[in-house]
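Report on the following structure.
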Amino acid sequence: MSYNATGNPASRRIAAMLDQGSFVEIGGAVTARNTDFNLQTKETPSDGVITGYGVIDGNLVYVYSQDATVLKGAIGEMHAKKIANIYDMAMKMGAPVIGLVDCAGLRLQEATDALEAFGSLYHKQAMASGVVPQITAIFGMCGGGLAVVPGLTDFTFMESKEGKLFVNSPNALEGNEVSKCDTASAAYQSETAGLVDGIGTEAEILGQIRTLISMIPANNEDDASYEECTDDLNRVCSDLANAAEDTGIALATIADNNVFFETKKDYAKEMVTGFIRLNGMTVGAVANRSKVYDAEGNAESFDAVLTVDGCKKATDFINFCDAFSIPVLTLTSVTGFEATKEAEKDMARSVAKLTYAFANATVPKVNVIVGKAFGSAYVAMNSKSIGADMVFAWPTAEVGMMDATMAAKIMYEGADADTLKEKAAEYKELQSSPMSAARRGYVDAIIEAADTRKYVIGAFEMLFTKREDRPDKKHGTV
């Protein structure tokens, strides 16, 4: 039967997120069965979690929503088993799982039973990874072992005021307390930790989930993440060249109806990730960014380099796209690597993982060089050499080893200023112009920035039937 969504927040959230009247509850009669510490004397309706299925814009989804009015939403044996059951059904039917979290942690009265059932939930999440999309939204507490749950999902959203996400509470960290640094806050988890894709009010989060569900496939074999395109396929984007630095704006400009769903938007802002539609088809976008403009036109600037956090952000996103057969578009503008002592600890490993993610992905891959593309940082950004199917470059792009002036200074050390200027111009023409790269086949076509939309749409349509065999192996180890 359809669930009557009146009363507590757990049911209210489900009703607000799903299409009206579409939710069907499963396991509504389940209660705790443990009797230790007189648990049987306490009311545990639905054992503190509402589980079931419904639709978002007609798309089937499975949902669990924790009820903080029942033992503060603490997870007991039957609570965890109900969620695991939802995962089993989602994998059989090939539909996303959405978890609405508001939980005080594991139920102490059920100790080992709760731990065992909770462990089985981890296992279900691991099995579902790459099979069906998993989304978590945090509205209250999500601490300790429960914090691993959003870590195992593909996308995480967090209520900006009441949501708390932590493995160890801020006050349990040596030398820290909430007033110094609230490591459990939505701001910290979205900006610094990078686990959270979006924050906002309850209504805003549920709206973001609805938008995301409408853009991504239902499962790893689904080819229905398309909708009719009402935008002009040949639309000229006359101001696109001005957005070469803030590629978030560039992606929105070339997208159908200018819709860009950005993921992890507050984290590693120098790397943009998110979803757009091109001719109705969902495409995953990854782009270097050196400026971010706010609503008032103020800009936050970044060096045009690969960072550790940026590489991690892009790697996870590319892996999701490849698992669910979503084509990948990159806008490349990068001159090198972040050069700090802190970054050096993990830079090689992070760039290696990014390189592997691009090279390993078998989905259609299109790269547009919109700025400078220098050195091995460019190679890692979906270059032709690591498997990009089509590479375009704007006429103003530069592709090569390094800046022409720097190259001239190295090659002609001690030369006078006029000679250096002459050699720099010669180097730029022979080695770092887009035409030089195009002559060698590293760039497939030089296109006007304004024509980018029609070219990338054409490329992805051509690549629609792409099939690519790889060496037989269990999996890579990068």
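As shown in the structure tokens, the chain order sets the letters A, B, ...; within each chain, residues go from 1, and ligands are also counted from 1 in the order they appear.
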Requested in this report: DSSP on the backbone, then: every residue of segment 241-432 of chain A marked alpha helix (DSSP H), written as a PyMOL selection string.
Outcome: chain A and resi 247-254+308-323+341-344+347-360+375-380+404-411+417-427
For Thr452 of chain A, work out the shell of residues within 9 Å, counting only C-alpha atoms and skipping chain neighbours fewer than 2 positions away, then give it as a CSV table (one decimal) with N, CA and C atoms, in the first residue's frame.
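Once written, selection_15.csv looks like this:
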chain,number,residue,atom,x,y,z
A,236,VAL,N,25.3,28.6,-31.5
A,236,VAL,CA,26.6,29.3,-31.4
A,236,VAL,C,26.7,29.9,-30.0
A,237,CYS,N,27.8,29.6,-29.3
A,237,CYS,CA,28.1,30.1,-28.0
A,237,CYS,C,29.0,31.3,-28.1
A,240,LEU,N,31.7,32.1,-25.3
A,240,LEU,CA,32.3,31.0,-24.7
A,240,LEU,C,33.8,31.2,-24.4
A,254,ILE,N,27.6,25.5,-23.0
A,254,ILE,CA,27.4,24.6,-24.1
A,254,ILE,C,26.3,23.5,-23.8
A,368,VAL,N,38.5,19.0,-25.1
A,368,VAL,CA,38.6,20.3,-25.8
A,368,VAL,C,39.7,21.1,-25.0
A,392,PHE,N,39.8,18.4,-29.6
A,392,PHE,CA,39.7,19.6,-30.2
A,392,PHE,C,40.5,20.7,-29.5
A,394,TRP,N,40.9,25.1,-29.2
A,394,TRP,CA,40.6,26.5,-29.7
A,394,TRP,C,41.8,27.1,-30.3
A,447,ILE,N,39.0,24.4,-33.6
A,447,ILE,CA,37.6,24.9,-33.7
A,447,ILE,C,37.5,26.2,-33.1
A,448,GLU,N,36.6,27.1,-33.6
A,448,GLU,CA,36.3,28.3,-32.9
A,448,GLU,C,35.6,28.0,-31.6
A,449,ALA,N,35.9,28.8,-30.6
A,449,ALA,CA,35.3,28.6,-29.3
A,449,ALA,C,33.8,28.6,-29.4
A,450,ALA,N,33.2,29.5,-30.2
A,450,ALA,CA,31.8,29.6,-30.3
A,450,ALA,C,31.1,28.4,-30.9
A,454,LYS,N,28.4,22.5,-31.0
A,454,LYS,CA,28.0,21.6,-32.2
A,454,LYS,C,29.1,20.5,-32.4
A,455,TYR,N,30.4,20.9,-32.2
A,455,TYR,CA,31.4,19.9,-32.4
A,455,TYR,C,31.4,18.8,-31.4
A,456,VAL,N,31.2,19.1,-30.2
A,456,VAL,CA,31.3,18.0,-29.2
A,456,VAL,C,30.0,17.2,-29.3
A,457,ILE,N,28.9,17.8,-29.6
A,457,ILE,CA,27.7,17.0,-29.9
A,457,ILE,C,27.9,16.0,-31.0
Report task. Write out as a list in words each polymer residue whose atoms come within 9 Å of Val49 of chain A, counting only C-alpha atoms; drop sequence neighbours fewer than 3 positions from it. Result -> Ala10, Gly28, Pro45, Ser46, Tyr64, Ser65, Gln66, Asp67, Ala68, Val70, Gly73, Ile75, His79, Ala80, Lys82 and Ile83 of chain A
Selected residues written out, C-alpha atoms, as a PDB file, in the first residue's frame:
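Wrote selection-v3.pdb, looks like this:
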ATOM      1  CA  ALA A  10      11.523  10.510   8.093  1.00  0.00           C
ATOM      2  CA  GLY A  28       6.502  -1.481   7.995  1.00  0.00           C
ATOM      3  CA  PRO A  45       7.875   1.039  15.074  1.00  0.00           C
ATOM      4  CA  SER A  46       9.490  -0.013  11.788  1.00  0.00           C
ATOM      5  CA  TYR A  64      15.388   4.184   3.324  1.00  0.00           C
ATOM      6  CA  SER A  65      14.756   7.024   5.743  1.00  0.00           C
ATOM      7  CA  GLN A  66      15.905   6.825   9.354  1.00  0.00           C
ATOM      8  CA  ASP A  67      13.398   7.841  12.018  1.00  0.00           C
ATOM      9  CA  ALA A  68      15.088   9.803  14.798  1.00  0.00           C
ATOM     10  CA  VAL A  70      12.569   5.887  17.481  1.00  0.00           C
ATOM     11  CA  GLY A  73      17.342   6.517  14.892  1.00  0.00           C
ATOM     12  CA  ILE A  75      20.716   1.146  14.157  1.00  0.00           C
ATOM     13  CA  HIS A  79      16.964  -1.823  11.202  1.00  0.00           C
ATOM     14  CA  ALA A  80      20.132  -2.774   9.298  1.00  0.00           C
ATOM     15  CA  LYS A  82      15.669  -3.778   6.386  1.00  0.00           C
ATOM     16  CA  ILE A  83      18.158  -1.515   4.599  1.00  0.00           C
TER      17      ILE A  83
END
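Counting only C-alpha atoms and comparing A:Ser160, A:Thr396, A:Ser129, A:Asn234, the residue that lies closest to Ala203 of chain A is A:Ser160.
The space separating atom CA of Leu18 of chain A from atom CA of Ile213 of chain A comes to 10.8 Å.
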